[in-house]
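Peer 1: The structure is given below, and queries will be raised subsequently.
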Amino acid sequence: MSKEKGYDFAAIEKKWQNYWDENKTFQAVMDHSKPKYYPLVEFPYPSGQGLHVGHPRSYTALDIVARKRRLEGYNVLYTMGWDAFGLPTENFAIKNHIHPEIVTKDNVAHFKAQLKSLGLSFDWDREINTTDPSYYKWTQWIFIQLFKKGLAYKAKMNVNWCTSCKCVLANEEVVNGVCERCGGEVVHKEKSQWMLKITEYAQRLIDDLSLVDYFDRIKATQINWIGRSTGAEVTFQTTLGDPLTVYTTRPDTLFGATYMVISPEHPLIEKWADSIQNMDEVRAYQAEAAKKSDFERTEVNKDKTGVKLDGVKGINPVNDREIPIFISDYVLVSYGTGAIMAVPAHDTRDYDFAKVFRLPIIEVVKGGDIEKEAFTDCETGIMVNSGFLDGLSVEEAKVKIEDWLEETKKGVRKVNYKLRDWVFARQRYWGEPIPIVQCEHCGYVPIPESELPLRLPEVESYEPTEDGQSPLANIESFVNTTCPKCGAPAKRETDTMPQWAGSSWYFLRYCDPHNDKELASKEALDYWMPVDWYNGGMEHTTLHLLYSRFWHKFLYDIGVVSCPEPYAKRTSHGMILGEDHVKMSKSRGNVVNPDQIVAEYGADTMRLYEMFMGDFQLSAPWNPRAVSGCKRFLDKVWNLQEKVVDGDSYRKELETPFHQTIKKVTEDIEALKFNTAIAAMMSLMNQIAAVGSINRAEYRDLLILLNPFVPHITEEIFERQGFMGPITSCSWVSYDEEKCKENTVEIAVQVNGKIKAKMTIPSDMESADVIAAAKRDEKVASEIEGKTVVKEIYVKGKLVNLVVK
RNA sequence: GCGGGUAUGGCGGAAUUGGCAGACGCGCCAGACUUAGGAUCUGGUGUUCUUAACGUGCAGGUUCAAGUCCUGUUACCCGCACCA
């Protein structure tokens, strides 16, 4: 039931949405006579809940950009699709005994209807769906190329295992020690997994950020995640004869190493098992560490624990001193060499450990108070107790010791990254099958490309198995095959790819979505790529955004694409919060349904409000009452139809406001400042209302200016007024810089920085004249009377300040 | 602990290079038109002891002039977190 009056938005919006569909208004066709523009928004996961009000914030923003660009004469590619593989669909399918394909189809239909109701200018002929075999054929194809280049490999390793999804997770998917998706407990498990060697691209993923225009915070987050550090690998001999290599960023403190620590999973422990006298204690500690969840293991301020290995010692290469070796879970097996030299005087963790185990603490950098705490400063300290390093600064010492290590072959300079290789397999049904066969004779063999796509088989049950295998493992007709190389009986890989696979290259498919010969034609890729402007959520910065940059770089290396980076520009929108200023969630009951807003106020109001509610980059709470303010504005625009007078140019009193507003809107859209662009148009509307009428030229331009924001109402009025339309085939309005200037300005007059008067002057008045006029002002004159003016300042068009004594 | 962000009226938020703090919208107050108003229109609306003073988380500083620059500090939000 609508309580709002005003124009009939429901009929108008339906009418124009049909018009755009029937006329394929937004169809993107390659046209070398026009400059191309490729704005991109993250395609959604079509969940059962339907569209969230957060989705349209991003979609509308780039829709505004896309519509403006078209009016400016660009050939625009703006598209939508579905990132439809994933666990929620699978879980829903299991629970309700419906095939995931059908669940996906229903969800997509619902999402699509919701998006269409918003009047977004997508080219729906290019719609893609990652679960479509004609799409995942190419996801599999890329995997095979990665395999051929040695970037996809299978390895037995310690992985994150979600106990609830019964599935492995990538490092990026473990959040606060629990599963990002379901919140289930994550434990470590030794498993043989397909991995992608993203680490091989770590340096380029950092370096090439200089080629792109991303928000600084996005770059910073990615650099931080990749986590580059420089230092040295140093090899310690041990009393059992096996060398033990450690990684350190502080080789300068080598003389201060008083013990060593290796991770509980370190392979040397097994090798040394017979020589270690307290092996029972060691095994007990290992078992304890393995049992701990990620959450427990990374708990902050946890007391240091460990076990000393009896029967083996390390030998410090710099002074041949024998030092004890411990195992402790504060050393991670997956970073560096899984072993460290401990310098308690200059590392807070080693310091804590040394205190617990009463180990010697030797100061080698002077400047702190190691009785109280570790001294970790690298800027000010001077080397002491360090033989040939004594007296040097930390920086000098680093260079000297690294040279020494390399000369004596006791160590090498080394760069390390926190980034890990990408665990690229999931033990679930609803994902892309990995197109690999395991043959007893030939090992892992990719299936021939002519057999792609390797389709998901029909199964009875999608339930993951208790033993950690994919449901596909139970389908004998799928598993049993022959080796593509030697023809012998062989078995298919039964794990599927993670959710992030399909989204790692989808922007390429949009360029040529129906191609069945290649993932996209070279011509289409060369024409449309790179994406000119990509907007999406901050939460994807270390997931999708990093993964897709990696895939794109790989495709660049093998000659599929011609640009080294996929996205020229990346921005992020803030979250839309509930009315109570916290994240919308079902349990809080603060979720706003976009359908309801569209039904009650119309898509144009919905679009306008989401763009007006605040700074696009920051989170903003939903205010149901403020929505009606946007509707009121549109009603005023509509009602202007009764106040139209003749006229083929701006009337004098509206000329400057029009030019100023056009300039502001034109610039603000580019700067993501939709809120102030809308404020400027509301302001212009108020000035028109004050005049009491609008002439045809003014109305026409106002409608074009508003069109990218509110496309339906503006097209309707345009048509009713008999302007040459539709607006989608018009040109963007232009402004004249000269005409943005006011003839007269009001300036403030200050005395000693305090405002005493205001005066209106011609904007081109000379400085001396302005100051003279200011002094003549009655109020000002009385303020300065009997005092000396020591300084006179005139800021053109702003203010006069007289400094008096 | 590390990295990033935010702080301005009753509310959402504006404010190039430092230059009239509070644009625009919501809400609120008053009036008009009305049988009616949760519609529409008009005017008003930072605070106070209103010839003026005080006001952008807090404390200092620089400057003729600071929301904006500098130093220190607090609170909240987001990401990472025993990465040697």
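Naming works like this for the structure tokens: A, B, ... for the chains as they're shown, residue 1 at the start of each chain, ligands 1 onward in shown order.
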Would you please extract all helix (DSSP H, G or I) residues from range 301-409 of chain A, as assigned by DSSP on the backbone, and give them as a ChimeraX atom specification?

Peer 2: /A:344-346,348-357,387-389,394-407

Peer 1: Output the contact residues of chain B with respect to chain A at a cut-off of 9 Å, based on only C-alpha atoms (C1' of nucleotides), as an MDAnalysis selection string.

Peer 2: chainID B and resid 3:6 12:14 19:20 23:27 38:39 64:65 79:84

Peer 1: Write out as an NGL selection string each polymer residue whose atoms come within 12 Å of Lys517 in chain A, counting only C-alpha atoms (C1' of nucleotides); drop sequence neighbours fewer than 5 positions from it.

Peer 2: :A and (134-135 or 137-138 or 141 or 449-450 or 452 or 512 or 522)

Peer 1: Since we have the selection now, will you write its residues out, keeping all heavy atoms, as a CSV table (one decimal), in the first residue's frame?

Peer 2:
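out.csv, written as the output of this step:
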```
chain,number,residue,atom,x,y,z
A,134,SER,N,29.6,-24.3,-20.7
A,134,SER,CA,30.3,-23.6,-21.8
A,134,SER,C,31.1,-22.5,-21.2
A,134,SER,O,32.0,-21.9,-21.9
A,134,SER,CB,29.2,-23.0,-22.8
A,134,SER,OG,28.5,-21.9,-22.1
A,135,TYR,N,30.9,-22.1,-19.9
A,135,TYR,CA,31.8,-21.2,-19.2
A,135,TYR,C,32.9,-21.9,-18.5
A,135,TYR,O,34.1,-21.6,-18.7
A,135,TYR,CB,31.0,-20.3,-18.2
A,135,TYR,CG,31.9,-19.3,-17.5
A,135,TYR,CD1,32.0,-18.0,-17.9
A,135,TYR,CD2,32.6,-19.7,-16.3
A,135,TYR,CE1,32.9,-17.1,-17.3
A,135,TYR,CE2,33.4,-18.8,-15.6
A,135,TYR,CZ,33.5,-17.5,-16.1
A,135,TYR,OH,34.4,-16.6,-15.5
A,137,LYS,N,34.1,-24.7,-19.0
A,137,LYS,CA,35.1,-25.3,-20.0
A,137,LYS,C,36.4,-24.5,-20.0
A,137,LYS,O,37.5,-25.0,-20.0
A,137,LYS,CB,34.4,-25.2,-21.3
A,137,LYS,CG,35.3,-25.6,-22.5
A,137,LYS,CD,34.6,-25.5,-23.8
A,137,LYS,CE,35.6,-25.8,-25.0
A,137,LYS,NZ,34.9,-25.9,-26.3
A,138,TRP,N,36.2,-23.2,-19.9
A,138,TRP,CA,37.4,-22.3,-20.1
A,138,TRP,C,38.1,-22.1,-18.7
A,138,TRP,O,39.3,-21.9,-18.7
A,138,TRP,CB,37.0,-21.0,-20.7
A,138,TRP,CG,36.5,-21.2,-22.1
A,138,TRP,CD1,35.2,-21.1,-22.5
A,138,TRP,CD2,37.3,-21.7,-23.2
A,138,TRP,NE1,35.1,-21.5,-23.8
A,138,TRP,CE2,36.4,-21.8,-24.3
A,138,TRP,CE3,38.6,-22.0,-23.4
A,138,TRP,CZ2,36.8,-22.3,-25.5
A,138,TRP,CZ3,39.0,-22.4,-24.6
A,138,TRP,CH2,38.1,-22.6,-25.7
A,141,TRP,N,40.1,-25.1,-18.8
A,141,TRP,CA,41.2,-24.9,-19.8
A,141,TRP,C,42.4,-24.1,-19.2
A,141,TRP,O,43.5,-24.4,-19.3
A,141,TRP,CB,40.6,-24.1,-21.0
A,141,TRP,CG,41.7,-23.9,-22.1
A,141,TRP,CD1,42.0,-24.8,-23.1
A,141,TRP,CD2,42.5,-22.7,-22.3
A,141,TRP,NE1,43.0,-24.2,-23.9
A,141,TRP,CE2,43.3,-23.0,-23.4
A,141,TRP,CE3,42.6,-21.5,-21.6
A,141,TRP,CZ2,44.2,-22.0,-23.9
A,141,TRP,CZ3,43.5,-20.6,-22.1
A,141,TRP,CH2,44.3,-20.8,-23.2
A,449,GLU,N,42.3,-31.2,-24.3
A,449,GLU,CA,41.4,-30.0,-24.3
A,449,GLU,C,40.2,-30.2,-25.2
A,449,GLU,O,39.1,-29.6,-24.9
A,449,GLU,CB,42.3,-28.8,-24.9
A,449,GLU,CG,43.3,-28.4,-23.8
A,449,GLU,CD,44.3,-27.3,-24.3
A,449,GLU,OE1,44.0,-26.7,-25.3
A,449,GLU,OE2,45.3,-27.2,-23.7
A,450,SER,N,40.2,-31.1,-26.1
A,450,SER,CA,39.1,-31.4,-27.0
A,450,SER,C,37.9,-32.1,-26.1
A,450,SER,O,36.8,-32.1,-26.5
A,450,SER,CB,39.4,-32.3,-28.1
A,450,SER,OG,40.0,-33.6,-27.6
A,452,LEU,N,37.1,-31.0,-23.2
A,452,LEU,CA,36.5,-30.0,-22.3
A,452,LEU,C,35.1,-29.6,-22.9
A,452,LEU,O,35.0,-29.5,-24.1
A,452,LEU,CB,37.4,-28.8,-22.1
A,452,LEU,CG,38.8,-29.1,-21.4
A,452,LEU,CD1,39.6,-27.8,-21.4
A,452,LEU,CD2,38.5,-29.6,-20.0
A,512,ASP,N,33.6,-11.5,-24.9
A,512,ASP,CA,33.3,-12.3,-26.0
A,512,ASP,C,32.6,-13.6,-25.4
A,512,ASP,O,33.1,-14.7,-25.5
A,512,ASP,CB,34.6,-12.7,-26.7
A,512,ASP,CG,34.3,-13.4,-28.1
A,512,ASP,OD1,33.1,-13.4,-28.5
A,512,ASP,OD2,35.2,-13.9,-28.7
A,522,LYS,N,41.0,-12.9,-29.4
A,522,LYS,CA,42.1,-11.9,-29.2
A,522,LYS,C,41.6,-10.5,-29.5
A,522,LYS,O,42.0,-9.5,-28.9
A,522,LYS,CB,43.3,-12.3,-30.0
A,522,LYS,CG,44.6,-11.6,-29.7
A,522,LYS,CD,45.3,-12.1,-28.6
A,522,LYS,CE,46.7,-11.4,-28.4
A,522,LYS,NZ,47.0,-11.0,-27.1
```

Peer 1: Considering only C-alpha atoms (C1' of nucleotides), return as a list in words whatever protein or nucleic-acid residues lie within 10 Å of Trp528 in chain A, sequence-local ones (same chain, fewer than 2 positions apart) excluded.

Peer 2: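 Everything that qualifies: Met30, Pro35, Lys36, Tyr37, Tyr38, Asn75, Val76, Leu77, Phe507, Leu508, Tyr510, Cys511, Asp512, Glu523, Ala524, Leu525, Asp526, Pro530, Val531 and Asp532 of chain A.
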
Peer 1: Counting only C-alpha atoms (C1' of nucleotides), what is within 10 Å of range 566-568 of chain A, bar same-chain residues fewer than 6 positions away, as number ranges by chain?

Peer 2: A: 38-40, 209, 211-214, 505, 507-508, 529-535, 545, 548-553, 556

Peer 1: Find the residues near range 369-373 of chain A: any atom within 12 Å, counting only C-alpha atoms (C1' of nucleotides), skip ones fewer than 5 places away on the same chain, and give them as a compact mmCIF listing (two decimals) with C-alpha atoms, in the first residue's frame.

Peer 2:
```
# COMPACT_ATOMS: atom_id res chain seq x y z
CA VAL A 343 67.98 -13.67 19.71
CA PRO A 344 66.09 -12.91 22.91
CA ALA A 345 67.79 -9.57 23.47
CA HIS A 346 66.34 -8.17 20.25
CA ASP A 347 63.09 -10.02 19.51
CA THR A 348 60.08 -9.81 21.78
CA ARG A 349 58.89 -13.37 21.13
CA ASP A 350 62.32 -14.86 21.73
CA TYR A 351 62.59 -12.68 24.83
CA ASP A 352 59.33 -14.07 26.23
CA ALA A 354 63.85 -17.10 27.00
CA LYS A 355 62.26 -15.78 30.19
CA PRO A 360 70.75 -16.48 28.39
CA ILE A 361 70.01 -13.08 26.89
CA ILE A 362 73.03 -11.49 25.22
CA GLU A 363 72.87 -7.86 24.18
CA VAL A 364 74.42 -7.27 20.76
CA GLY A 381 71.37 0.98 18.02
```

Peer 1: Please provide as a PyMOL selection string all residues within 12 Å of G44 in chain B, with the sequence filter that same-chain residues fewer than 6 positions apart are discarded (counting only C-alpha atoms (C1' of nucleotides)).

Peer 2: chain B and resi 28-31

Peer 1: Could you please write out, as a list in words, every residue of range 720-770 of chain A that DSSP assigns to strand (DSSP E)?

Peer 2: Thr744, Val745, Glu746, Ile747, Ala748, Val749, Gln750, Val751, Lys754, Ile755, Lys756, Ala757, Lys758, Met759, Thr760, Ile761 and Pro762 of chain A
